[in-house]
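Asks: Take a look at upload_36.cif, mmCIF, C-alpha atoms:
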```cif
data_final
loop_
_atom_site.group_PDB
_atom_site.id
_atom_site.type_symbol
_atom_site.label_atom_id
_atom_site.label_comp_id
_atom_site.auth_asym_id
_atom_site.auth_seq_id
_atom_site.Cartn_x
_atom_site.Cartn_y
_atom_site.Cartn_z
ATOM 1 C CA ILE A 1 0.000 0.000 0.000
ATOM 2 C CA THR A 2 1.542 3.240 -1.104
ATOM 3 C CA GLU A 3 1.436 6.251 1.111
ATOM 4 C CA THR A 4 -0.928 8.840 -0.172
ATOM 5 C CA MET A 5 -1.168 12.469 0.721
ATOM 6 C CA PRO A 6 -3.836 13.040 3.329
ATOM 7 C CA SER A 7 -6.704 14.314 1.273
ATOM 8 C CA ARG A 8 -8.465 17.334 2.517
ATOM 9 C CA ARG A 9 -11.953 16.108 3.002
ATOM 10 C CA SER A 10 -14.874 17.792 4.601
ATOM 11 C CA PHE A 11 -17.049 15.526 6.638
ATOM 12 C CA ALA A 12 -20.738 15.663 7.313
ATOM 13 C CA GLU A 13 -20.700 16.785 10.879
ATOM 14 C CA VAL A 14 -22.533 19.190 13.094
ATOM 15 C CA GLY A 15 -21.337 22.647 12.251
ATOM 16 C CA ARG A 16 -20.252 21.873 8.694
ATOM 17 C CA VAL A 17 -21.154 24.738 6.391
ATOM 18 C CA VAL A 18 -22.751 23.385 3.254
ATOM 19 C CA CYS A 19 -23.924 24.704 -0.067
ATOM 20 C CA VAL A 20 -27.262 23.498 -1.329
ATOM 21 C CA ASN A 21 -27.067 22.548 -4.986
ATOM 22 C CA TYR A 22 -30.547 21.343 -5.804
ATOM 23 C CA GLY A 23 -34.051 22.533 -5.211
ATOM 24 C CA ALA A 24 -35.610 25.787 -4.143
ATOM 25 C CA ASP A 25 -32.621 26.830 -2.051
ATOM 26 C CA ASN A 26 -30.159 26.150 -4.836
ATOM 27 C CA GLY A 27 -26.977 28.143 -4.374
ATOM 28 C CA LYS A 28 -27.573 29.057 -0.748
ATOM 29 C CA ILE A 29 -25.315 28.145 2.142
ATOM 30 C CA GLY A 30 -26.337 26.723 5.484
ATOM 31 C CA VAL A 31 -25.046 24.740 8.385
ATOM 32 C CA ILE A 32 -25.568 21.110 9.379
ATOM 33 C CA VAL A 33 -27.219 21.255 12.746
ATOM 34 C CA ASP A 34 -27.800 17.567 13.279
ATOM 35 C CA ILE A 35 -27.341 14.308 11.420
ATOM 36 C CA CYS A 36 -30.606 12.471 10.972
ATOM 37 C CA ASP A 37 -29.470 9.230 9.372
ATOM 38 C CA SER A 38 -27.005 8.075 6.755
ATOM 39 C CA VAL A 39 -28.952 9.928 4.120
ATOM 40 C CA SER A 40 -30.222 13.188 5.527
ATOM 41 C CA CYS A 41 -29.404 15.874 7.999
ATOM 42 C CA LEU A 42 -30.970 18.878 9.644
ATOM 43 C CA ILE A 43 -29.875 22.090 8.003
ATOM 44 C CA ASP A 44 -30.344 25.669 9.122
ATOM 45 C CA GLY A 45 -29.003 29.149 8.607
ATOM 46 C CA PRO A 46 -30.049 32.730 8.002
ATOM 47 C CA ASN A 47 -30.634 31.965 4.315
ATOM 48 C CA ILE A 48 -32.330 28.598 4.655
ATOM 49 C CA LYS A 49 -35.413 27.540 6.507
ATOM 50 C CA ARG A 50 -34.590 24.905 9.082
ATOM 51 C CA GLY A 51 -35.400 21.443 7.841
ATOM 52 C CA LEU A 52 -34.267 18.012 6.769
ATOM 53 C CA ILE A 53 -32.286 17.756 3.591
ATOM 54 C CA ASN A 54 -30.700 14.864 1.775
ATOM 55 C CA PHE A 55 -26.901 14.802 1.616
ATOM 56 C CA ARG A 56 -27.191 14.347 -2.128
ATOM 57 C CA ARG A 57 -28.498 17.876 -2.330
ATOM 58 C CA LEU A 58 -25.517 19.287 -0.505
ATOM 59 C CA ALA A 59 -21.968 20.156 -1.305
ATOM 60 C CA PHE A 60 -19.667 20.512 1.682
ATOM 61 C CA THR A 61 -17.467 23.529 2.109
ATOM 62 C CA ASP A 62 -14.368 23.464 4.264
ATOM 63 C CA ILE A 63 -15.807 26.009 6.665
ATOM 64 C CA LYS A 64 -16.881 24.682 10.028
ATOM 65 C CA LEU A 65 -18.775 26.366 12.812
ATOM 66 C CA PRO A 66 -18.127 25.385 16.419
ATOM 67 C CA ILE A 67 -21.726 24.787 17.379
ATOM 68 C CA MET A 68 -23.425 22.175 19.461
ATOM 69 C CA LYS A 69 -25.927 19.909 17.835
ATOM 70 C CA ARG A 70 -29.520 21.062 17.428
ATOM 71 C CA LEU A 71 -28.610 24.648 18.227
ATOM 72 C CA ARG A 72 -31.614 26.952 18.211
ATOM 73 C CA SER A 73 -32.144 28.986 15.036
ATOM 74 C CA SER A 74 -31.807 32.363 16.702
ATOM 75 C CA LEU A 75 -28.544 31.410 18.429
ATOM 76 C CA LEU A 76 -27.263 29.803 15.259
ATOM 77 C CA ASN A 77 -27.884 33.001 13.304
ATOM 78 C CA LYS A 78 -25.910 34.915 15.919
ATOM 79 C CA VAL A 79 -22.943 32.577 15.662
ATOM 80 C CA TRP A 80 -23.204 32.770 11.877
ATOM 81 C CA GLU A 81 -23.106 36.562 11.830
ATOM 82 C CA GLU A 82 -20.221 36.722 14.266
ATOM 83 C CA ALA A 83 -18.169 34.352 12.154
ATOM 84 C CA ASP A 84 -19.370 36.191 9.015
ATOM 85 C CA ILE A 85 -19.803 32.942 7.122
ATOM 86 C CA ASP A 86 -21.458 34.732 4.199
ATOM 87 C CA GLY A 87 -18.409 36.952 3.847
ATOM 88 C CA GLN A 88 -15.979 34.055 4.281
ATOM 89 C CA PHE A 89 -17.715 32.013 1.634
ATOM 90 C CA ALA A 90 -17.946 34.955 -0.765
ATOM 91 C CA LYS A 91 -14.168 35.303 -0.606
ATOM 92 C CA THR A 92 -13.561 31.720 -1.673
ATOM 93 C CA THR A 93 -13.233 30.823 -5.339
ATOM 94 C CA TRP A 94 -16.376 28.739 -5.049
ATOM 95 C CA GLY A 95 -18.324 31.646 -3.645
ATOM 96 C CA GLN A 96 -17.100 33.948 -6.389
ATOM 97 C CA LYS A 97 -18.013 31.420 -9.066
ATOM 98 C CA LEU A 98 -21.537 31.141 -7.691
ATOM 99 C CA LYS A 99 -21.828 34.909 -7.605
ATOM 100 C CA ASN A 100 -20.707 35.159 -11.227
ATOM 101 C CA GLN A 101 -23.106 32.439 -12.307
ATOM 102 C CA LYS A 102 -25.979 34.297 -10.692
ATOM 103 C CA ARG A 103 -24.932 37.555 -12.323
ATOM 104 C CA ARG A 104 -24.709 35.901 -15.728
ATOM 105 C CA ALA A 105 -28.188 34.505 -15.348
ATOM 106 C CA GLU A 106 -29.508 37.991 -14.635
ATOM 107 C CA LEU A 107 -27.934 39.706 -17.611
ATOM 108 C CA THR A 108 -30.311 41.595 -19.857
ATOM 109 C CA ASP A 109 -30.160 41.287 -23.636
ATOM 110 C CA PHE A 110 -28.209 44.543 -23.958
ATOM 111 C CA GLU A 111 -25.750 43.466 -21.268
ATOM 112 C CA ARG A 112 -25.254 40.128 -22.954
ATOM 113 C CA PHE A 113 -24.462 41.915 -26.191
ATOM 114 C CA LYS A 114 -21.962 44.181 -24.447
ATOM 115 C CA VAL A 115 -20.235 41.242 -22.760
ATOM 116 C CA LYS A 116 -19.993 39.386 -26.059
ATOM 117 C CA THR A 117 -18.525 42.259 -28.053
ATOM 118 C CA LEU A 118 -16.137 43.415 -25.333
ATOM 119 C CA LYS A 119 -14.897 39.870 -24.787
ATOM 120 C CA ALA A 120 -14.283 39.508 -28.512
ATOM 121 C CA LYS A 121 -12.421 42.826 -28.590
ATOM 122 C CA ARG A 122 -10.284 41.831 -25.636
ATOM 123 C CA ASN A 123 -9.457 38.431 -27.052
ATOM 124 C CA LYS A 124 -8.493 39.996 -30.352
ATOM 125 C CA ILE A 125 -5.994 42.266 -28.616
ATOM 126 C CA ILE A 126 -4.618 39.361 -26.596
ATOM 127 C CA LYS A 127 -4.242 37.111 -29.629
ATOM 128 C CA LYS A 128 -2.575 39.833 -31.604
ATOM 129 C CA LYS A 129 -0.074 40.439 -28.836
ATOM 130 C CA ALA A 130 0.520 36.727 -28.356
ATOM 131 C CA LYS A 131 1.185 36.282 -32.051
ATOM 132 C CA GLU A 132 3.567 39.179 -31.953
ATOM 133 C CA LEU A 133 5.474 37.663 -29.057
ATOM 134 C CA LYS A 134 5.519 34.256 -30.722
ATOM 135 C CA GLY A 135 6.889 35.820 -33.878
ATOM 136 C CA LYS A 136 9.755 37.326 -31.917
ATOM 137 C CA ASN A 137 10.819 33.909 -30.658
ATOM 138 C CA MET B 138 -88.811 12.009 -4.881
ATOM 139 C CA PRO B 139 -87.706 15.295 -6.470
ATOM 140 C CA LYS B 140 -90.450 17.577 -7.703
ATOM 141 C CA GLN B 141 -90.511 17.418 -11.484
ATOM 142 C CA LYS B 142 -90.599 20.644 -13.396
ATOM 143 C CA LYS B 143 -93.864 20.914 -15.254
ATOM 144 C CA ALA B 144 -93.515 21.400 -19.005
ATOM 145 C CA PRO B 145 -94.962 24.761 -20.048
ATOM 146 C CA LYS B 146 -98.256 24.721 -21.916
ATOM 147 C CA TRP B 147 -97.217 27.262 -24.476
ATOM 148 C CA TYR B 148 -93.958 27.741 -26.235
ATOM 149 C CA PRO B 149 -93.346 30.992 -28.069
ATOM 150 C CA THR B 150 -92.998 30.699 -31.850
ATOM 151 C CA GLU B 151 -90.104 33.112 -31.945
ATOM 152 C CA ASP B 152 -87.191 33.726 -29.659
ATOM 153 C CA GLY B 153 -87.881 36.358 -27.126
ATOM 154 C CA PRO B 154 -86.320 39.823 -27.301
ATOM 155 C CA LYS B 155 -82.597 39.881 -26.710
ATOM 156 C CA SER B 156 -81.440 40.786 -23.239
ATOM 157 C CA LEU B 157 -81.009 44.517 -22.924
ATOM 158 C CA THR B 158 -78.137 44.133 -20.519
ATOM 159 C CA LYS B 159 -75.935 42.558 -23.185
ATOM 160 C CA THR B 160 -74.923 45.354 -25.504
ATOM 161 C CA ILE B 161 -72.153 45.237 -28.049
ATOM 162 C CA LYS B 162 -69.515 47.870 -27.428
ATOM 163 C CA LYS B 163 -69.543 50.442 -30.162
ATOM 164 C CA THR B 164 -66.009 51.594 -29.575
ATOM 165 C CA GLN B 165 -63.326 48.958 -29.836
ATOM 166 C CA LYS B 166 -60.274 49.310 -27.699
ATOM 167 C CA PRO B 167 -56.890 48.459 -29.141
ATOM 168 C CA THR B 168 -55.148 45.339 -27.873
ATOM 169 C CA LYS B 169 -53.951 45.629 -24.329
ATOM 170 C CA LEU B 170 -50.294 46.574 -24.374
ATOM 171 C CA ARG B 171 -47.957 44.444 -22.302
ATOM 172 C CA SER B 172 -46.677 46.364 -19.299
ATOM 173 C CA SER B 173 -43.120 45.670 -20.384
ATOM 174 C CA ILE B 174 -43.665 47.582 -23.634
ATOM 175 C CA VAL B 175 -43.317 51.296 -23.088
ATOM 176 C CA PRO B 176 -42.366 54.015 -25.620
ATOM 177 C CA GLY B 177 -38.627 53.705 -26.087
ATOM 178 C CA THR B 178 -38.377 50.007 -25.310
ATOM 179 C CA VAL B 179 -36.015 48.023 -27.485
ATOM 180 C CA LEU B 180 -37.973 45.153 -28.993
ATOM 181 C CA ILE B 181 -36.703 42.014 -30.679
ATOM 182 C CA LEU B 182 -38.754 41.128 -33.751
ATOM 183 C CA LEU B 183 -39.447 37.438 -33.949
ATOM 184 C CA ALA B 184 -41.062 36.986 -37.324
ATOM 185 C CA GLY B 185 -41.176 38.425 -40.760
ATOM 186 C CA ARG B 186 -38.564 39.994 -42.932
ATOM 187 C CA PHE B 187 -36.782 41.619 -40.016
ATOM 188 C CA LYS B 188 -36.765 38.720 -37.621
ATOM 189 C CA GLY B 189 -34.046 38.960 -35.046
ATOM 190 C CA LYS B 190 -33.681 42.693 -35.475
ATOM 191 C CA ARG B 191 -33.696 44.944 -32.474
ATOM 192 C CA VAL B 192 -35.910 47.972 -32.956
ATOM 193 C CA VAL B 193 -37.217 50.911 -30.980
ATOM 194 C CA PHE B 194 -40.864 50.966 -29.996
ATOM 195 C CA LEU B 195 -42.538 54.339 -30.538
ATOM 196 C CA LYS B 196 -46.217 54.009 -29.808
ATOM 197 C CA GLN B 197 -49.234 51.760 -30.075
ATOM 198 C CA LEU B 198 -51.408 52.626 -33.048
ATOM 199 C CA GLU B 199 -55.181 52.767 -33.025
ATOM 200 C CA SER B 200 -55.449 49.304 -34.555
ATOM 201 C CA GLY B 201 -53.473 47.844 -31.669
ATOM 202 C CA LEU B 202 -50.311 47.252 -33.683
ATOM 203 C CA LEU B 203 -47.021 48.615 -32.476
ATOM 204 C CA LEU B 204 -45.228 51.380 -34.349
ATOM 205 C CA VAL B 205 -41.509 50.698 -34.462
ATOM 206 C CA THR B 206 -38.486 52.116 -36.196
ATOM 207 C CA GLY B 207 -34.955 50.672 -36.659
ATOM 208 C CA PRO B 208 -33.945 53.514 -36.881
ATOM 209 C CA PHE B 209 -33.685 52.948 -40.604
ATOM 210 C CA LYS B 210 -30.089 54.120 -41.001
ATOM 211 C CA ILE B 211 -28.950 51.897 -38.157
ATOM 212 C CA ASN B 212 -30.500 48.571 -39.030
ATOM 213 C CA GLY B 213 -32.676 48.993 -42.099
ATOM 214 C CA VAL B 214 -36.002 48.708 -40.336
ATOM 215 C CA PRO B 215 -38.283 51.552 -41.424
ATOM 216 C CA LEU B 216 -41.290 52.975 -39.628
ATOM 217 C CA ARG B 217 -43.244 49.791 -39.447
ATOM 218 C CA ARG B 218 -46.202 48.208 -37.786
ATOM 219 C CA VAL B 219 -45.623 45.090 -35.781
ATOM 220 C CA ASN B 220 -47.867 42.783 -33.820
ATOM 221 C CA GLN B 221 -47.217 42.562 -30.126
ATOM 222 C CA ALA B 222 -47.382 38.791 -30.236
ATOM 223 C CA TYR B 223 -44.328 38.541 -32.463
ATOM 224 C CA VAL B 224 -42.077 40.604 -30.303
ATOM 225 C CA ILE B 225 -39.855 40.152 -27.276
ATOM 226 C CA ALA B 226 -39.683 43.238 -25.108
ATOM 227 C CA THR B 227 -36.245 43.767 -23.626
ATOM 228 C CA SER B 228 -35.721 45.754 -20.472
ATOM 229 C CA THR B 229 -33.560 48.253 -22.373
ATOM 230 C CA LYS B 230 -35.209 51.609 -22.857
ATOM 231 C CA ILE B 231 -34.336 54.661 -24.900
ATOM 232 C CA ASP B 232 -35.618 58.116 -24.120
ATOM 233 C CA VAL B 233 -38.064 58.948 -26.904
ATOM 234 C CA THR B 234 -40.067 61.672 -25.181
ATOM 235 C CA ASP B 235 -38.904 64.165 -27.805
ATOM 236 C CA VAL B 236 -40.051 62.064 -30.717
ATOM 237 C CA ASP B 237 -43.098 63.338 -32.543
ATOM 238 C CA THR B 238 -45.155 60.523 -34.030
ATOM 239 C CA SER B 239 -48.459 62.344 -34.094
ATOM 240 C CA GLY B 240 -48.590 62.338 -37.874
ATOM 241 C CA ILE B 241 -48.588 58.557 -38.050
ATOM 242 C CA SER B 242 -51.893 56.826 -37.742
ATOM 243 C CA ASP B 243 -53.471 53.510 -38.613
ATOM 244 C CA VAL B 244 -56.964 54.803 -39.003
ATOM 245 C CA PRO B 245 -58.045 55.154 -42.638
ATOM 246 C CA ASP B 246 -58.955 58.666 -43.646
ATOM 247 C CA GLN B 247 -62.708 59.133 -44.198
ATOM 248 C CA LYS B 248 -62.357 60.477 -47.715
ATOM 249 C CA THR B 249 -59.336 58.736 -49.148
ATOM 250 C CA LYS B 250 -59.799 55.502 -47.196
ATOM 251 C CA ARG B 251 -56.045 55.393 -46.845
ATOM 252 C CA HIS B 252 -53.737 55.808 -43.922
ATOM 253 C CA PHE B 253 -50.034 56.290 -43.385
ATOM 254 C CA PHE B 254 -49.193 52.679 -44.081
ATOM 255 C CA SER B 255 -51.488 52.080 -47.020
ATOM 256 C CA ARG B 256 -49.819 50.633 -50.078
ATOM 257 C CA VAL B 257 -49.275 53.091 -52.864
ATOM 258 C CA VAL B 258 -51.314 52.191 -55.929
ATOM 259 C CA ALA B 259 -49.362 52.702 -59.163
ATOM 260 C CA GLU B 260 -51.249 55.040 -61.438
ATOM 261 C CA ALA B 261 -52.290 53.573 -64.750
ATOM 262 C CA LYS B 262 -50.207 54.995 -67.544
ATOM 263 C CA GLU B 263 -51.761 56.011 -70.811
ATOM 264 C CA GLU B 264 -50.691 54.125 -73.875
ATOM 265 C CA ASN B 265 -48.488 56.150 -76.171
ATOM 266 C CA ASP B 266 -50.020 56.473 -79.641
ATOM 267 C CA GLY B 267 -51.716 53.129 -79.354
ATOM 268 C CA GLU B 268 -48.389 51.329 -79.130
ATOM 269 C CA PHE B 269 -47.773 48.889 -76.402
ATOM 270 C CA VAL B 270 -45.377 50.334 -73.943
ATOM 271 C CA ALA B 271 -43.366 48.019 -71.774
ATOM 272 C CA PRO B 272 -44.745 48.257 -68.258
ATOM 273 C CA GLU B 273 -42.827 50.687 -66.113
ATOM 274 C CA SER B 274 -40.735 49.036 -63.496
ATOM 275 C CA LYS B 275 -42.558 49.087 -60.224
ATOM 276 C CA LYS B 276 -41.411 52.007 -58.187
ATOM 277 C CA SER B 277 -40.922 51.507 -54.485
ATOM 278 C CA GLY B 278 -44.266 52.355 -52.991
ATOM 279 C CA LEU B 279 -42.781 55.005 -50.761
ATOM 280 C CA THR B 280 -44.403 58.355 -50.759
ATOM 281 C CA GLU B 281 -42.483 61.486 -50.024
ATOM 282 C CA GLU B 282 -44.603 61.804 -46.907
ATOM 283 C CA ARG B 283 -43.305 58.528 -45.554
ATOM 284 C CA LYS B 284 -39.710 59.290 -46.376
ATOM 285 C CA ALA B 285 -39.992 62.687 -44.717
ATOM 286 C CA MET B 286 -41.620 61.232 -41.630
ATOM 287 C CA GLN B 287 -38.963 58.508 -41.449
ATOM 288 C CA ALA B 288 -36.173 61.062 -41.554
ATOM 289 C CA LYS B 289 -37.853 63.289 -38.998
ATOM 290 C CA VAL B 290 -38.563 60.541 -36.485
ATOM 291 C CA ASP B 291 -35.215 58.836 -36.943
ATOM 292 C CA ALA B 292 -33.320 62.059 -36.325
ATOM 293 C CA THR B 293 -34.626 62.307 -32.761
ATOM 294 C CA VAL B 294 -34.463 58.585 -32.081
ATOM 295 C CA THR B 295 -30.902 58.292 -33.355
ATOM 296 C CA ALA B 296 -29.860 61.243 -31.192
ATOM 297 C CA ALA B 297 -31.257 59.449 -28.163
ATOM 298 C CA VAL B 298 -29.626 56.161 -29.198
ATOM 299 C CA GLU B 299 -26.203 57.734 -29.527
ATOM 300 C CA LYS B 300 -26.329 58.955 -25.950
ATOM 301 C CA THR B 301 -25.813 55.427 -24.618
ATOM 302 C CA PRO B 302 -22.479 53.804 -25.455
ATOM 303 C CA MET B 303 -22.724 50.661 -27.587
ATOM 304 C CA MET B 304 -26.462 51.117 -28.088
ATOM 305 C CA LYS B 305 -26.065 51.777 -31.796
ATOM 306 C CA ASP B 306 -24.045 48.587 -32.300
ATOM 307 C CA TYR B 307 -26.616 46.757 -30.248
ATOM 308 C CA LEU B 308 -29.423 47.879 -32.536
ATOM 309 C CA LYS B 309 -27.334 46.992 -35.544
ATOM 310 C CA SER B 310 -26.870 43.415 -34.438
ATOM 311 C CA ARG B 311 -29.399 40.651 -34.797
ATOM 312 C CA PHE B 312 -30.604 38.492 -31.962
ATOM 313 C CA SER B 313 -29.880 34.785 -32.136
ATOM 314 C CA LEU B 314 -29.781 31.895 -29.729
ATOM 315 C CA GLU B 315 -26.473 30.254 -29.072
ATOM 316 C CA LYS B 316 -25.705 26.880 -27.628
ATOM 317 C CA GLY B 317 -26.720 26.676 -24.020
ATOM 318 C CA GLN B 318 -29.099 29.603 -24.242
ATOM 319 C CA TYR B 319 -32.677 28.797 -23.395
ATOM 320 C CA PRO B 320 -35.245 31.585 -23.828
ATOM 321 C CA HIS B 321 -37.278 30.481 -20.823
ATOM 322 C CA LEU B 322 -34.203 30.878 -18.618
ATOM 323 C CA MET B 323 -32.976 34.117 -20.133
ATOM 324 C CA LYS B 324 -33.740 37.571 -18.947
ATOM 325 C CA PHE B 325 -34.359 40.124 -21.615
#
```
Here is the file; what I need is its structure written in the form of structure tokens.
Replies:
Amino acid sequence: ITETMPSRRSFAEVGRVVCVNYGADNGKIGVIVDICDSVSCLIDGPNIKRGLINFRRLAFTDIKLPIMKRLRSSLLNKVWEEADIDGQFAKTTWGQKLKNQKRRAELTDFERFKVKTLKAKRNKIIKKKAKELKGKN
Amino acid sequence: MPKQKKAPKWYPTEDGPKSLTKTIKKTQKPTKLRSSIVPGTVLILLAGRFKGKRVVFLKQLESGLLLVTGPFKINGVPLRRVNQAYVIATSTKIDVTDVDTSGISDVPDQKTKRHFFSRVVAEAKEENDGEFVAPESKKSGLTEERKAMQAKVDATVTAAVEKTPMMKDYLKSRFSLEKGQYPHLMKF
């Protein structure tokens, strides 16, 4: 058995901050407050209504809150705000990607046109410069 | 046992007088305009010769059709009537409060039975000395009135369009769906 690097894995545990990726709360983050069984857990947070959710609908982040199991919603929200989980998550690459995805979905027709033409313009400049540099070598 | 309704002894030979409460409206209202369509809205035409073109909405005519313009010099769409059903209203709006479209109407004139958009009928030409003359090539059915109105309206609209950066290029381009774009998921 070869030695492998310890993989950084997030576990389903009380206090694990998760991102919901299916259903009405798609894209929102919450916290696991209790494990129900091997399939579902109790989730809560300022963005999500407290309730049972299947693990399949969750993606674990590597943020963990030091809470005790079945913490009351109001207290949980307090802990959440103090730790500024929303801010922490927004700083991560994952959080930024989600934010960009949401923004892209909200683009109006005019904005979409602007993005398309400006991207094309930018890429043209980049390619031209790259070609120039390649030619030098 | 339920009481059975007795059949009447006499039936009238003719239908009774029509109910006075049901009257047919004498004035017809034009089609209800979608709340998203407001003068100055950029519309995407979905059918016809100019499908995919983005045009500026000016006003709703008496018939219910929408009056739009390219403007003509920007994308080749003239002052035209368009049905609301064949249009996507985008959320982009241009300020057209200065535009004067009062001279454009859908309602046929009482005397001439023609309106702004009526097709021009080519006048019959007299035969020259009994000889057959080759039929004159059909002239574009544009009256001077229409051309003048087009120029007048477009001047103000174009001025408003040029105020926003990239708006002119936007109106020049045609709308199309690309891979991964689904209209029911897109915001316009």
Asks: I'd like a table as a Markdown table: residues in chain A with an atom no more than 9 Å from chain B, each row giving the shortest atom pair and its distance in Å to one decimal, only C-alpha atoms counted, sorted by chain and rising residue number.
Replies:
```
| residue | atom | partner | partner_atom | distance |
| --- | --- | --- | --- | --- |
| A:Ala105 | CA | B:Met323 | CA | 6.8 |
| A:Glu106 | CA | B:Lys324 | CA | 6.1 |
| A:Leu107 | CA | B:Lys324 | CA | 6.3 |
| A:Thr108 | CA | B:Phe325 | CA | 4.7 |
| A:Asp109 | CA | B:Phe325 | CA | 4.8 |
| A:Phe110 | CA | B:Thr229 | CA | 6.7 |
| A:Phe113 | CA | B:Tyr307 | CA | 6.7 |
| A:Lys114 | CA | B:Met303 | CA | 7.2 |
```
Asks: Selected by the PyMOL selection byres ((chain B and resi 234) around 10) in the shown coordinates: which residues, as a ChimeraX atom specification?
Replies: /B:176-177,195,231-233,235-237,293-294,297
Asks: Let's have the selection written as a PDB file, keeping the file's coordinate frame, with C-alpha atoms.
Replies:
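Wrote selection_18.pdb, looks like this:
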```
ATOM      1  CA  PRO B 176     -42.366  54.015 -25.620  1.00  0.00           C
ATOM      2  CA  GLY B 177     -38.627  53.705 -26.087  1.00  0.00           C
ATOM      3  CA  LEU B 195     -42.538  54.339 -30.538  1.00  0.00           C
ATOM      4  CA  ILE B 231     -34.336  54.661 -24.900  1.00  0.00           C
ATOM      5  CA  ASP B 232     -35.618  58.116 -24.120  1.00  0.00           C
ATOM      6  CA  VAL B 233     -38.064  58.948 -26.904  1.00  0.00           C
ATOM      7  CA  ASP B 235     -38.904  64.165 -27.805  1.00  0.00           C
ATOM      8  CA  VAL B 236     -40.051  62.064 -30.717  1.00  0.00           C
ATOM      9  CA  ASP B 237     -43.098  63.338 -32.543  1.00  0.00           C
ATOM     10  CA  THR B 293     -34.626  62.307 -32.761  1.00  0.00           C
ATOM     11  CA  VAL B 294     -34.463  58.585 -32.081  1.00  0.00           C
ATOM     12  CA  ALA B 297     -31.257  59.449 -28.163  1.00  0.00           C
TER      13      ALA B 297
END
```
Asks: Between atom CA of B:Leu170 and atom CA of B:Gln197, what is the distance, to one decimal in Å?
Replies: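 Atom CA of B:Gln197 lies at a distance of 7.8 Å from atom CA of B:Leu170.
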Asks: Figure out the distance between atom CA of B:Asn212 and atom CA of B:Thr295, please, to one decimal in Å.
Replies: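 Separating atom CA of B:Thr295 from atom CA of B:Asn212 is a distance of 11.3 Å.
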Asks: For A:Lys91, which of A:Ile35, A:Val14, A:Ala120, A:Ile63 is the closest residue, counting all atoms listed in the file?
Replies: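 Smallest separation from A:Lys91 among the options: A:Ile63.
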Asks: Could you spell out the hits of the PyMOL selection byres ((chain A and resi 57) around 6) on the shown file, as a list in words?
Replies: Val20, Asn21, Tyr22, Asn54, Phe55, Arg56 and Leu58 of chain A
Asks: Between atom CA of B:Ser200 and atom CA of B:Ala296, measure the distance and give it in Å to one decimal.
Replies: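 According to the coordinates, atom CA of B:Ser200 and atom CA of B:Ala296 are separated by 28.4 Å.
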Asks: Using the chain letters and numbers from the file, which residues does the PyMOL selection byres ((chain B and resi 166) around 12) grab, as a PyMOL selection string?
Replies: chain B and resi 162-165+167-170+197-202
Asks: Using all atoms listed in the file, determine which residues lie at most 9 Å from A:Ile29, disregarding the query and same-chain residues fewer than 6 positions distant; provide the list as a PDB file with C-alpha atoms, in the coordinates of the input.
Replies:
```
ATOM      1  CA  VAL A  17     -21.154  24.738   6.391  1.00  0.00           C
ATOM      2  CA  VAL A  18     -22.751  23.385   3.254  1.00  0.00           C
ATOM      3  CA  CYS A  19     -23.924  24.704  -0.067  1.00  0.00           C
ATOM      4  CA  VAL A  20     -27.262  23.498  -1.329  1.00  0.00           C
ATOM      5  CA  ASP A  44     -30.344  25.669   9.122  1.00  0.00           C
ATOM      6  CA  GLY A  45     -29.003  29.149   8.607  1.00  0.00           C
ATOM      7  CA  PRO A  46     -30.049  32.730   8.002  1.00  0.00           C
ATOM      8  CA  ASN A  47     -30.634  31.965   4.315  1.00  0.00           C
ATOM      9  CA  ILE A  48     -32.330  28.598   4.655  1.00  0.00           C
ATOM     10  CA  ILE A  85     -19.803  32.942   7.122  1.00  0.00           C
ATOM     11  CA  ASP A  86     -21.458  34.732   4.199  1.00  0.00           C
ATOM     12  CA  PHE A  89     -17.715  32.013   1.634  1.00  0.00           C
TER      13      PHE A  89
END
```
